[in-house]
Amino acid sequence: MGTVLDSHFLAFTAIVTVCYQFVFFVITALLKFDNVTDFAGSTNFIILAALTLIVKGAWDFRQVVLTLFVVIWGLRVGLFLMMRILKWGVDHRFDEMRNNLGKLTVLWFFQAVWVWTVSFPVTIVNATDRNPSLKTEDVIGWLLWAVCFTVEAMADQQKLSFENNPGNSKKWCNIGVWKLSRHPNYFGEIFLWWGIFVASVPVLEGAEWLVILGPIFLTLLLLFVSGIPFLEESSDKRFGSLTEYVHYKKTTSPLIPLPPIVYTKLPVWFKAAFLFEFPGYSRYLPQQER
């Protein structure tokens, strides 16, 4: 059995993450080449999952399944983001950070925290010697991961195809799963990691339940910081003067996929409490359109 710095691999994965992210941070800071940011994030997940499994020296079926889930997700996301950045040439999301060392440092710090914390469930599962028989939570978690992974992959591919059509250069994506959610890719991203957490539940004991901080952190990050707020602002400023866009926004769920005919009939309080339709998501619409 391999030896690590701590019994739960938390110090081990923290050191690996910091070192890995620091290498790419230096490349970005010195060369002003931020196209490696997403690559560094997705591949870091793969490295942590694979290393914790390998260093353990012995593993069970549950550990192999969850590790494979992370590797499959990381490879798909990494390849997709690489294709997208090659198409863009320059990642305009980082225009305000590229020449600001302070902002760049904060970005890479949060990326390291994101990778380390969201990996908690897989890290703890791979570190444990407990191997209970297959539980209902395993099956639920695996199914949740599979469904949400599929939704995220579909959403990314549909949007990529939409954006590759020159005729759509001045339109927002409202095809396929984007008819049911304004951010179906984030729906898939958030809940596939909740699926991994649910599948880790059978081995958790005592303080190990704190691994729930991983999916919670990811959820808060995408709902309130770098995910939906950023894209809602961008879309509202670009298309907010268009009646069709305002109608799409009013009739389409922000995250949870729902048919528009269902979503429009729900009360405002229900949308805010259970479907994450927060007032801040519309603050950049023209006043008369809100």
# chains A, B, ... in the order shown; residues from 1 in each chain; ligands from 1
call {"tool": "residues_around", "arguments": {"residues": "segment 135-145 of chain A", "least_positions_apart": "3", "cutoff": "8 Å", "atoms": "only C-alpha atoms", "output": "list in words"}}
result
Phe69, Pro132, Cys148, Phe149, Phe191, Leu192, Trp193, Trp194, Gly195, Ile196, Phe197, Val198, Ala199, Ser200, Val201 and Pro202 of chain A
call {"tool": "write_last_selection", "arguments": {"atoms": "C-alpha atoms", "output": "PDB file, in the first residue's frame"}}
result
ATOM      1  CA  PHE A  69     -16.078   9.190 -14.146  1.00  0.00           C
ATOM      2  CA  PRO A 132     -19.275  -1.634   1.775  1.00  0.00           C
ATOM      3  CA  CYS A 148     -25.925  15.119 -16.320  1.00  0.00           C
ATOM      4  CA  PHE A 149     -22.717  14.253 -18.170  1.00  0.00           C
ATOM      5  CA  PHE A 191     -25.322  17.953 -10.843  1.00  0.00           C
ATOM      6  CA  LEU A 192     -22.814  15.448 -12.226  1.00  0.00           C
ATOM      7  CA  TRP A 193     -20.546  16.444  -9.346  1.00  0.00           C
ATOM      8  CA  TRP A 194     -23.462  16.084  -6.955  1.00  0.00           C
ATOM      9  CA  GLY A 195     -23.852  12.610  -8.461  1.00  0.00           C
ATOM     10  CA  ILE A 196     -20.251  11.800  -7.569  1.00  0.00           C
ATOM     11  CA  PHE A 197     -20.866  13.047  -4.036  1.00  0.00           C
ATOM     12  CA  VAL A 198     -23.988  10.879  -3.667  1.00  0.00           C
ATOM     13  CA  ALA A 199     -22.000   7.862  -4.888  1.00  0.00           C
ATOM     14  CA  SER A 200     -19.367   8.564  -2.223  1.00  0.00           C
ATOM     15  CA  VAL A 201     -21.880   8.536   0.628  1.00  0.00           C
ATOM     16  CA  PRO A 202     -21.640   4.763   1.424  1.00  0.00           C
TER      17      PRO A 202
END
call {"tool": "closest_residue", "arguments": {"among": "A:Phe80, A:Trp73, A:Phe217, A:Trp59", "to": "Gln111 of chain A", "atoms": "only C-alpha atoms"}}
result
A:Phe217
call {"tool": "atom_distance", "arguments": {"atom1": "atom CA of Glu208 of chain A", "atom2": "atom CA of Ala112 of chain A"}}
result
20.7 Å
call {"tool": "residues_around", "arguments": {"residues": "segment 34-51 of chain A", "least_positions_apart": "2", "cutoff": "6 Å", "atoms": "only C-alpha atoms", "output": "list of chain:residue names"}}
result
A:Thr28, A:Leu53, A:Ile54, A:Val55, A:Thr67, A:Val71, A:Gly74, A:Gly78
call {"tool": "write_last_selection", "arguments": {"atoms": "N, CA and C atoms", "output": "compact mmCIF listing (two decimals), in the first residue's frame"}}
result
# COMPACT_ATOMS: atom_id res chain seq x y z
N THR A 28 1.35 31.67 -17.85
CA THR A 28 0.38 32.72 -18.19
C THR A 28 0.93 34.11 -17.85
N LEU A 53 -5.78 7.10 -6.76
CA LEU A 53 -6.07 5.68 -6.96
C LEU A 53 -4.77 4.88 -7.04
N ILE A 54 -3.79 5.41 -7.78
CA ILE A 54 -2.52 4.69 -7.97
C ILE A 54 -1.72 4.64 -6.67
N VAL A 55 -1.62 5.77 -5.98
CA VAL A 55 -0.82 5.83 -4.75
C VAL A 55 -1.39 4.94 -3.66
N THR A 67 -13.32 7.15 -10.20
CA THR A 67 -12.12 7.68 -10.85
C THR A 67 -12.32 7.75 -12.37
N VAL A 71 -12.09 10.99 -14.89
CA VAL A 71 -11.20 10.98 -16.06
C VAL A 71 -11.98 11.22 -17.34
N GLY A 74 -13.08 14.85 -17.38
CA GLY A 74 -11.94 15.74 -17.59
C GLY A 74 -11.45 15.72 -19.03
N GLY A 78 -11.76 18.92 -21.29
CA GLY A 78 -10.47 19.45 -21.75
C GLY A 78 -10.39 19.54 -23.26
call {"tool": "atom_distance", "arguments": {"atom1": "atom CA of Lys171 of chain A", "atom2": "atom CA of Val246 of chain A"}}
result
12.6 Å
call {"tool": "select_by_dssp", "arguments": {"residues": "segment 23-173 of chain A", "states": "helix (DSSP H, G or I)", "output": "JSON, numbers by chain"}}
result
{"A": [23, 24, 25, 26, 27, 28, 29, 30, 31, 34, 35, 36, 37, 38, 39, 40, 41, 42, 43, 44, 45, 46, 47, 48, 49, 50, 51, 52, 53, 54, 55, 56, 61, 62, 63, 64, 65, 66, 67, 68, 69, 70, 71, 72, 73, 74, 75, 76, 77, 78, 79, 80, 81, 82, 83, 84, 85, 86, 87, 88, 92, 93, 94, 101, 102, 103, 104, 105, 106, 107, 108, 109, 110, 111, 112, 113, 114, 115, 116, 117, 118, 120, 121, 122, 123, 124, 125, 126, 127, 136, 137, 138, 139, 140, 141, 142, 143, 144, 145, 146, 147, 148, 149, 150, 151, 152, 153, 154, 155, 156, 157, 158, 159, 160, 161, 162, 163, 164, 166, 167, 168]}
call {"tool": "closest_residue", "arguments": {"among": "A:Lys103, A:Lys170, A:Lys32, A:His8", "to": "Thr123 of chain A", "atoms": "only C-alpha atoms"}}
result
A:His8
call {"tool": "residues_around", "arguments": {"residues": "segment 253-270 of chain A", "least_positions_apart": "2", "cutoff": "12 Å", "atoms": "only C-alpha atoms", "output": "PyMOL selection string"}}
result
chain A and resi 148+151-152+155+174+176-191+219+222-223+227-229+231-232+247-251+272-282
call {"tool": "closest_residue", "arguments": {"among": "A:Gln158, A:Asn165, A:Gln63, A:Ser119", "to": "Asn131 of chain A", "atoms": "only C-alpha atoms"}}
result
A:Gln63
call {"tool": "closest_residue", "arguments": {"among": "A:Cys173, A:Ala29, A:Ile124, A:Ala58", "to": "Leu160 of chain A", "atoms": "only C-alpha atoms"}}
result
A:Cys173
call {"tool": "closest_residue", "arguments": {"among": "A:Thr17, A:Ser161, A:Ser169, A:Thr52", "to": "Trp108 of chain A", "atoms": "only C-alpha atoms"}}
result
A:Thr17
